[in-house]
file run-v4.cif (mmCIF, C-alpha atoms)
data_run
loop_
_atom_site.group_PDB
_atom_site.id
_atom_site.type_symbol
_atom_site.label_atom_id
_atom_site.label_comp_id
_atom_site.auth_asym_id
_atom_site.auth_seq_id
_atom_site.Cartn_x
_atom_site.Cartn_y
_atom_site.Cartn_z
ATOM 1 C CA MET B 202 81.125 51.872 34.338
ATOM 2 C CA THR B 203 81.628 55.451 35.474
ATOM 3 C CA HIS B 204 83.748 54.136 38.362
ATOM 4 C CA LEU B 205 86.428 53.294 35.753
ATOM 5 C CA LEU B 206 86.576 56.707 34.076
ATOM 6 C CA GLU B 207 89.422 59.172 34.468
ATOM 7 C CA LYS B 208 89.088 62.936 33.964
ATOM 8 C CA LYS B 209 91.906 64.968 32.420
ATOM 9 C CA ILE B 210 92.772 67.974 34.585
ATOM 10 C CA GLY B 211 96.007 69.047 32.936
ATOM 11 C CA GLY B 212 98.646 68.017 30.463
ATOM 12 C CA ALA B 213 101.878 68.791 28.699
ATOM 13 C CA GLU B 214 103.516 67.882 25.424
ATOM 14 C CA LEU B 215 106.712 65.884 26.005
ATOM 15 C CA PHE B 216 108.004 65.349 22.491
ATOM 16 C CA LYS B 217 106.976 65.957 18.900
ATOM 17 C CA GLY B 218 108.926 64.172 16.191
ATOM 18 C CA LYS B 219 108.234 63.061 12.655
ATOM 19 C CA LEU B 220 106.434 59.914 13.846
ATOM 20 C CA LEU B 221 105.898 60.220 17.590
ATOM 21 C CA HIS B 222 103.936 62.847 19.518
ATOM 22 C CA ALA B 223 104.115 62.166 23.262
ATOM 23 C CA PHE B 224 102.162 63.705 26.137
ATOM 24 C CA ARG B 225 101.922 63.492 29.924
ATOM 25 C CA ASP B 226 98.470 64.254 31.303
ATOM 26 C CA THR B 227 97.334 64.674 34.872
ATOM 27 C CA VAL B 228 94.072 62.872 35.561
ATOM 28 C CA GLU B 229 91.614 62.647 38.398
ATOM 29 C CA LEU B 230 90.626 59.084 39.221
ATOM 30 C CA SER B 231 87.082 58.139 40.218
ATOM 31 C CA ASN B 232 88.169 57.975 43.876
ATOM 32 C CA GLY B 233 89.412 61.583 43.732
ATOM 33 C CA GLN B 234 93.115 60.774 43.648
ATOM 34 C CA VAL B 235 95.398 62.298 41.001
ATOM 35 C CA ALA B 236 97.660 60.301 38.668
ATOM 36 C CA ALA B 237 99.879 60.850 35.627
ATOM 37 C CA ARG B 238 99.276 59.228 32.247
ATOM 38 C CA GLU B 239 101.938 59.235 29.522
ATOM 39 C CA TYR B 240 100.916 58.311 25.984
ATOM 40 C CA VAL B 241 101.715 58.669 22.305
ATOM 41 C CA LEU B 242 99.227 60.337 19.964
ATOM 42 C CA HIS B 243 99.137 58.409 16.662
ATOM 43 C CA PRO B 244 97.384 59.345 13.381
ATOM 44 C CA GLY B 245 96.215 55.789 12.699
ATOM 45 C CA ALA B 246 97.355 53.155 10.246
ATOM 46 C CA VAL B 247 96.255 50.323 8.005
ATOM 47 C CA MET B 248 97.370 46.755 7.404
ATOM 48 C CA VAL B 249 96.599 44.809 4.236
ATOM 49 C CA ILE B 250 96.233 41.026 3.995
ATOM 50 C CA PRO B 251 96.948 40.452 0.274
ATOM 51 C CA MET B 252 95.852 37.041 -1.034
ATOM 52 C CA LEU B 253 97.034 35.482 -4.313
ATOM 53 C CA GLU B 254 95.165 32.478 -5.672
ATOM 54 C CA ASP B 255 97.612 29.671 -6.462
ATOM 55 C CA VAL B 256 97.377 27.119 -9.283
ATOM 56 C CA GLN B 257 95.691 24.522 -7.036
ATOM 57 C CA GLY B 258 92.946 26.966 -6.051
ATOM 58 C CA GLY B 259 94.452 27.671 -2.630
ATOM 59 C CA TRP B 260 95.931 30.904 -1.339
ATOM 60 C CA GLU B 261 99.370 32.447 -1.144
ATOM 61 C CA LEU B 262 99.830 35.452 1.124
ATOM 62 C CA VAL B 263 101.949 38.456 0.196
ATOM 63 C CA LEU B 264 104.213 39.261 3.141
ATOM 64 C CA GLU B 265 107.241 41.442 3.833
ATOM 65 C CA ARG B 266 110.543 41.155 5.619
ATOM 66 C CA GLN B 267 111.705 44.455 7.056
ATOM 67 C CA PHE B 268 114.382 45.468 9.558
ATOM 68 C CA ARG B 269 112.710 47.132 12.527
ATOM 69 C CA TYR B 270 115.250 49.238 14.363
ATOM 70 C CA PRO B 271 113.694 49.176 17.869
ATOM 71 C CA MET B 272 113.632 45.349 17.728
ATOM 72 C CA GLU B 273 117.124 45.168 16.136
ATOM 73 C CA ARG B 274 115.977 42.411 13.777
ATOM 74 C CA VAL B 275 114.211 41.625 10.532
ATOM 75 C CA MET B 276 110.509 41.053 11.112
ATOM 76 C CA ILE B 277 107.904 39.257 8.991
ATOM 77 C CA GLU B 278 104.721 41.269 8.598
ATOM 78 C CA PHE B 279 101.882 42.183 6.267
ATOM 79 C CA PRO B 280 102.061 45.438 4.270
ATOM 80 C CA ALA B 281 101.101 48.341 6.508
ATOM 81 C CA GLY B 282 101.573 52.039 7.016
ATOM 82 C CA LYS B 283 100.282 55.129 8.725
ATOM 83 C CA LEU B 284 97.596 57.420 7.427
ATOM 84 C CA ASP B 285 98.715 60.621 5.750
ATOM 85 C CA PRO B 286 96.942 63.821 6.909
ATOM 86 C CA GLY B 287 93.390 63.842 5.524
ATOM 87 C CA GLU B 288 93.727 60.347 4.021
ATOM 88 C CA GLN B 289 90.915 57.818 4.427
ATOM 89 C CA SER B 290 91.648 54.269 5.571
ATOM 90 C CA PHE B 291 90.762 52.602 2.239
ATOM 91 C CA GLN B 292 92.888 55.072 0.272
ATOM 92 C CA CYS B 293 95.807 54.381 2.593
ATOM 93 C CA ALA B 294 95.368 50.611 2.196
ATOM 94 C CA GLN B 295 95.451 50.912 -1.595
ATOM 95 C CA ARG B 296 98.489 53.206 -1.474
ATOM 96 C CA GLU B 297 100.472 51.072 0.959
ATOM 97 C CA LEU B 298 99.801 47.862 -0.983
ATOM 98 C CA ARG B 299 100.933 49.487 -4.232
ATOM 99 C CA GLU B 300 103.948 51.305 -2.767
ATOM 100 C CA GLU B 301 105.325 48.423 -0.722
ATOM 101 C CA THR B 302 104.507 45.392 -2.908
ATOM 102 C CA GLY B 303 103.679 46.763 -6.367
ATOM 103 C CA PHE B 304 100.323 44.972 -6.310
ATOM 104 C CA ARG B 305 96.919 46.477 -6.968
ATOM 105 C CA ALA B 306 93.769 44.642 -5.930
ATOM 106 C CA SER B 307 90.439 44.338 -7.734
ATOM 107 C CA SER B 308 88.502 43.345 -4.615
ATOM 108 C CA TRP B 309 88.715 44.630 -1.056
ATOM 109 C CA ALA B 310 87.064 43.846 2.286
ATOM 110 C CA PHE B 311 87.310 45.743 5.559
ATOM 111 C CA ALA B 312 87.754 43.288 8.420
ATOM 112 C CA GLY B 313 87.946 45.494 11.506
ATOM 113 C CA SER B 314 90.338 47.502 13.629
ATOM 114 C CA LEU B 315 92.885 46.768 16.302
ATOM 115 C CA HIS B 316 94.570 48.892 18.956
ATOM 116 C CA PRO B 317 98.056 47.374 19.306
ATOM 117 C CA VAL B 318 99.291 49.116 22.476
ATOM 118 C CA ILE B 319 96.344 50.489 24.462
ATOM 119 C CA SER B 320 98.468 51.173 27.540
ATOM 120 C CA TYR B 321 100.467 53.997 25.949
ATOM 121 C CA SER B 322 99.256 54.829 22.432
ATOM 122 C CA THR B 323 96.127 56.016 20.632
ATOM 123 C CA GLU B 324 97.152 54.007 17.543
ATOM 124 C CA ARG B 325 94.372 52.241 15.662
ATOM 125 C CA ILE B 326 95.140 49.933 12.732
ATOM 126 C CA ASP B 327 92.400 49.152 10.221
ATOM 127 C CA ILE B 328 92.606 45.641 8.741
ATOM 128 C CA TRP B 329 91.898 45.217 5.014
ATOM 129 C CA PHE B 330 91.802 42.031 2.943
ATOM 130 C CA ALA B 331 92.753 42.337 -0.735
ATOM 131 C CA CYS B 332 92.480 39.824 -3.576
ATOM 132 C CA GLY B 333 92.378 39.822 -7.355
ATOM 133 C CA LEU B 334 95.963 41.030 -7.187
ATOM 134 C CA ILE B 335 97.641 42.505 -10.249
ATOM 135 C CA ALA B 336 101.425 42.796 -10.156
ATOM 136 C CA GLY B 337 103.052 46.151 -10.817
ATOM 137 C CA ARG B 338 105.963 48.282 -9.809
ATOM 138 C CA ARG B 339 106.798 49.180 -6.210
ATOM 139 C CA ALA B 340 107.368 52.774 -5.093
ATOM 140 C CA LEU B 341 109.051 52.534 -1.690
ATOM 141 C CA ASP B 342 109.481 55.614 0.468
ATOM 142 C CA GLU B 343 112.925 57.183 0.667
ATOM 143 C CA GLY B 344 115.018 55.096 3.073
ATOM 144 C CA GLU B 345 112.529 52.198 3.093
ATOM 145 C CA PHE B 346 113.975 48.755 2.407
ATOM 146 C CA LEU B 347 111.947 45.560 2.484
ATOM 147 C CA ASP B 348 111.662 42.198 0.769
ATOM 148 C CA VAL B 349 108.312 41.008 -0.569
ATOM 149 C CA PHE B 350 107.634 37.265 -0.597
ATOM 150 C CA THR B 351 104.757 34.802 -0.515
ATOM 151 C CA ALA B 352 103.839 32.087 1.956
ATOM 152 C CA THR B 353 100.880 29.803 2.480
ATOM 153 C CA PRO B 354 98.436 30.402 5.308
ATOM 154 C CA THR B 355 99.742 27.169 6.899
ATOM 155 C CA GLN B 356 103.301 28.509 6.855
ATOM 156 C CA LEU B 357 102.201 31.819 8.396
ATOM 157 C CA LEU B 358 100.275 30.080 11.173
ATOM 158 C CA GLU B 359 103.285 27.890 11.960
ATOM 159 C CA TRP B 360 105.531 30.995 12.158
ATOM 160 C CA CYS B 361 103.003 32.547 14.550
ATOM 161 C CA ARG B 362 102.978 29.385 16.652
ATOM 162 C CA ASN B 363 106.755 28.933 16.835
ATOM 163 C CA GLY B 364 107.612 32.591 17.519
ATOM 164 C CA THR B 365 109.066 33.484 14.129
ATOM 165 C CA VAL B 366 106.260 36.045 13.755
ATOM 166 C CA THR B 367 105.845 38.233 16.851
ATOM 167 C CA ASP B 368 104.497 41.440 15.293
ATOM 168 C CA ALA B 369 101.142 42.106 16.984
ATOM 169 C CA LYS B 370 99.296 43.285 13.872
ATOM 170 C CA THR B 371 100.453 40.251 11.875
ATOM 171 C CA LEU B 372 99.371 37.915 14.686
ATOM 172 C CA VAL B 373 95.912 39.535 14.633
ATOM 173 C CA ALA B 374 95.863 39.238 10.829
ATOM 174 C CA ALA B 375 96.627 35.506 11.108
ATOM 175 C CA PHE B 376 93.698 35.151 13.520
ATOM 176 C CA TRP B 377 91.385 36.938 11.056
ATOM 177 C CA LEU B 378 92.740 34.912 8.133
ATOM 178 C CA GLN B 379 92.278 31.593 9.907
ATOM 179 C CA ASN B 380 88.655 32.411 10.751
ATOM 180 C CA PHE B 381 87.913 33.703 7.247
ATOM 181 C CA LEU B 382 89.429 30.689 5.481
ATOM 182 C CA SER B 383 87.597 28.245 7.785
ATOM 183 C CA GLY B 384 84.281 29.939 6.976
ATOM 184 C CA ALA B 385 83.720 30.938 10.612
ATOM 185 C CA TRP B 386 83.847 34.641 9.727
ATOM 186 C CA THR B 387 82.572 36.324 6.592
ATOM 187 C CA LEU B 388 83.744 39.495 4.882
ATOM 188 C CA ASP B 389 81.781 42.020 2.833
ATOM 189 C CA TRP B 390 83.800 42.112 -0.405
ATOM 190 C CA SER B 391 83.692 44.822 -3.036
ATOM 191 C CA ALA B 392 83.732 43.894 -6.742
ATOM 192 C CA GLY B 393 82.702 40.257 -6.345
ATOM 193 C CA GLY B 394 85.120 39.129 -3.659
ATOM 194 C CA CYS B 395 87.573 36.259 -3.620
#
call {"tool": "encode", "arguments": {"input": "run-v4.cif", "output": "structure tokens"}}
result
Amino acid sequence: MTHLLEKKIGGAELFKGKLLHAFRDTVELSNGQVAAREYVLHPGAVMVIPMLEDVQGGWELVLERQFRYPMERVMIEFPAGKLDPGEQSFQCAQRELREETGFRASSWAFAGSLHPVISYSTERIDIWFACGLIAGRRALDEGEFLDVFTATPTQLLEWCRNGTVTDAKTLVAAFWLQNFLSGAWTLDWSAGGC
């Protein structure tokens, strides 16, 4: 696969903001030609799939509605957030679940990772399942506004199918959830599982 590799031969920082850190690198292609590559350096993030057991023994999912400025609309998504400097993925998952929804979880399972925009970002999102949820008080960040609500897995899958949900990480979460609930995929749960 060495014929696919590119070698960095130079680069420059384009922008450094609170969230985004953009670069333009010069690379040598395997055929000797030179090209430019622009990308965003990202610290990484987590997404949590919180599951509440309902009275019939099924599952309710804890979701959020949040206005996303670049999209100019309210989006439905799972709780998520970026890693703070020095923070581990599991710590971030616990913090984001508590801050955004007020819930704490007694059992956790790491599902995997996704790279949402490989063409221009280094972002990696770790996917965590959480159950044994205990309600508490939210602690939203300054300037953060979102609604927390529940939906069934069937409702979420229908929203994914009909285009109501278009957020990439939530679509991947629905894929994981569907495979987990069907028994096709297993998870390694802490503290007894769900």
call {"tool": "resolve_selection", "arguments": {"input": "run-v4.cif", "expression": "the PyMOL selection byres ((chain B and resi 246-257) around 8)", "output": "ChimeraX atom specification"}}
result
/B:244-245,258-264,279-284,290,293-294,298,324-334,370,374
call {"tool": "atom_distance", "arguments": {"input": "run-v4.cif", "atom1": "atom CA of B:Val228", "atom2": "atom CA of B:Leu206"}}
result
9.8 Å
call {"tool": "closest_atom_pairs", "arguments": {"input": "run-v4.cif", "of": "stretch 286-357 of chain B", "to": "stretch 271-277 of chain B", "cutoff": "10 Å", "atoms": "all atoms listed in the file", "output": "JSON lines"}}
result
{"residue": "B:Leu347", "atom": "CA", "partner": "B:Val275", "partner_atom": "CA", "distance": 9.2}
{"residue": "B:Asp348", "atom": "CA", "partner": "B:Ile277", "partner_atom": "CA", "distance": 9.5}
{"residue": "B:Val349", "atom": "CA", "partner": "B:Ile277", "partner_atom": "CA", "distance": 9.7}
{"residue": "B:Phe350", "atom": "CA", "partner": "B:Ile277", "partner_atom": "CA", "distance": 9.8}
{"residue": "B:Leu357", "atom": "CA", "partner": "B:Ile277", "partner_atom": "CA", "distance": 9.4}
call {"tool": "write_last_selection", "arguments": {"input": "run-v4.cif", "atoms": "C-alpha atoms", "output": "mmCIF file, in the frame of the given file"}}
result
data_model
loop_
_atom_site.group_PDB
_atom_site.id
_atom_site.type_symbol
_atom_site.label_atom_id
_atom_site.label_comp_id
_atom_site.auth_asym_id
_atom_site.auth_seq_id
_atom_site.Cartn_x
_atom_site.Cartn_y
_atom_site.Cartn_z
ATOM 1 C CA LEU B 347 111.947 45.560 2.484
ATOM 2 C CA ASP B 348 111.662 42.198 0.769
ATOM 3 C CA VAL B 349 108.312 41.008 -0.569
ATOM 4 C CA PHE B 350 107.634 37.265 -0.597
ATOM 5 C CA LEU B 357 102.201 31.819 8.396
#
call {"tool": "axis_aligned_box", "arguments": {"input": "run-v4.cif", "around": "stretch 262-276 of chain B", "padding_each_side": "3 Å", "output": "lines of an AutoDock Vina configuration file"}}
result
center_x = 108.5
center_y = 42.3
center_z = 9.0
size_x = 23.3
size_y = 19.8
size_z = 23.7
call {"tool": "resolve_selection", "arguments": {"input": "run-v4.cif", "expression": "the PyMOL selection byres ((chain B and resi 358) around 12)", "output": "PyMOL selection string"}}
result
chain B and resi 262+352-357+359-367+371-380
call {"tool": "atom_distance", "arguments": {"input": "run-v4.cif", "atom1": "atom CA of B:Ile210", "atom2": "atom CA of B:Thr227"}}
result
5.6 Å
call {"tool": "build_atoms", "arguments": {"input": "run-v4.cif", "residues": "stretch 332-360 of chain B", "atoms": "N, CA and C atoms", "output": "short mmCIF file (atom, residue, chain, number, x, y, z; two decimals), in the coordinates of the input"}}
result
data_model
loop_
_atom_site.label_atom_id
_atom_site.label_comp_id
_atom_site.auth_asym_id
_atom_site.auth_seq_id
_atom_site.Cartn_x
_atom_site.Cartn_y
_atom_site.Cartn_z
N CYS B 332 92.25 40.94 -2.66
CA CYS B 332 92.48 39.82 -3.58
C CYS B 332 92.25 40.31 -5.01
N GLY B 333 92.39 39.41 -5.96
CA GLY B 333 92.38 39.82 -7.36
C GLY B 333 93.60 40.69 -7.62
N LEU B 334 94.75 40.23 -7.13
CA LEU B 334 95.96 41.03 -7.19
C LEU B 334 96.56 41.08 -8.59
N ILE B 335 96.99 42.26 -8.96
CA ILE B 335 97.64 42.50 -10.25
C ILE B 335 99.02 43.08 -9.95
N ALA B 336 100.05 42.38 -10.44
CA ALA B 336 101.42 42.80 -10.16
C ALA B 336 101.76 44.10 -10.87
N GLY B 337 102.59 44.89 -10.25
CA GLY B 337 103.05 46.15 -10.82
C GLY B 337 104.39 46.53 -10.22
N ARG B 338 104.68 47.78 -10.27
CA ARG B 338 105.96 48.28 -9.81
C ARG B 338 105.83 48.91 -8.42
N ARG B 339 106.79 48.60 -7.55
CA ARG B 339 106.80 49.18 -6.21
C ARG B 339 107.27 50.63 -6.25
N ALA B 340 106.92 51.39 -5.23
CA ALA B 340 107.37 52.77 -5.09
C ALA B 340 107.65 53.03 -3.62
N LEU B 341 108.72 52.42 -3.11
CA LEU B 341 109.05 52.53 -1.69
C LEU B 341 109.39 53.97 -1.32
N ASP B 342 109.11 54.31 -0.06
CA ASP B 342 109.48 55.61 0.47
C ASP B 342 111.00 55.71 0.52
N GLU B 343 111.49 56.94 0.52
CA GLU B 343 112.92 57.18 0.67
C GLU B 343 113.41 56.55 1.97
N GLY B 344 114.46 55.74 1.89
CA GLY B 344 115.02 55.10 3.07
C GLY B 344 114.26 53.86 3.53
N GLU B 345 113.30 53.40 2.74
CA GLU B 345 112.53 52.20 3.09
C GLU B 345 113.09 51.02 2.31
N PHE B 346 113.43 49.95 3.03
CA PHE B 346 113.98 48.76 2.41
C PHE B 346 113.21 47.55 2.95
N LEU B 347 112.65 46.76 2.05
CA LEU B 347 111.95 45.56 2.48
C LEU B 347 111.91 44.54 1.35
N ASP B 348 111.82 43.29 1.72
CA ASP B 348 111.66 42.20 0.77
C ASP B 348 110.21 41.75 0.77
N VAL B 349 109.67 41.52 -0.42
CA VAL B 349 108.31 41.01 -0.57
C VAL B 349 108.43 39.53 -0.94
N PHE B 350 107.62 38.69 -0.30
CA PHE B 350 107.63 37.26 -0.60
C PHE B 350 106.25 36.69 -0.36
N THR B 351 106.04 35.45 -0.75
CA THR B 351 104.76 34.80 -0.52
C THR B 351 104.94 33.59 0.39
N ALA B 352 103.87 33.27 1.09
CA ALA B 352 103.84 32.09 1.96
C ALA B 352 102.40 31.60 2.00
N THR B 353 102.23 30.35 2.34
CA THR B 353 100.88 29.80 2.48
C THR B 353 100.32 30.20 3.85
N PRO B 354 99.01 30.17 3.98
CA PRO B 354 98.44 30.40 5.31
C PRO B 354 98.97 29.43 6.35
N THR B 355 99.19 28.17 5.97
CA THR B 355 99.74 27.17 6.90
C THR B 355 101.13 27.58 7.38
N GLN B 356 101.97 28.05 6.46
CA GLN B 356 103.30 28.51 6.86
C GLN B 356 103.21 29.68 7.83
N LEU B 357 102.34 30.66 7.52
CA LEU B 357 102.20 31.82 8.40
C LEU B 357 101.75 31.39 9.79
N LEU B 358 100.77 30.52 9.87
CA LEU B 358 100.28 30.08 11.17
C LEU B 358 101.36 29.35 11.96
N GLU B 359 102.18 28.57 11.28
CA GLU B 359 103.28 27.89 11.96
C GLU B 359 104.30 28.90 12.49
N TRP B 360 104.60 29.95 11.70
CA TRP B 360 105.53 31.00 12.16
C TRP B 360 104.96 31.74 13.36
#
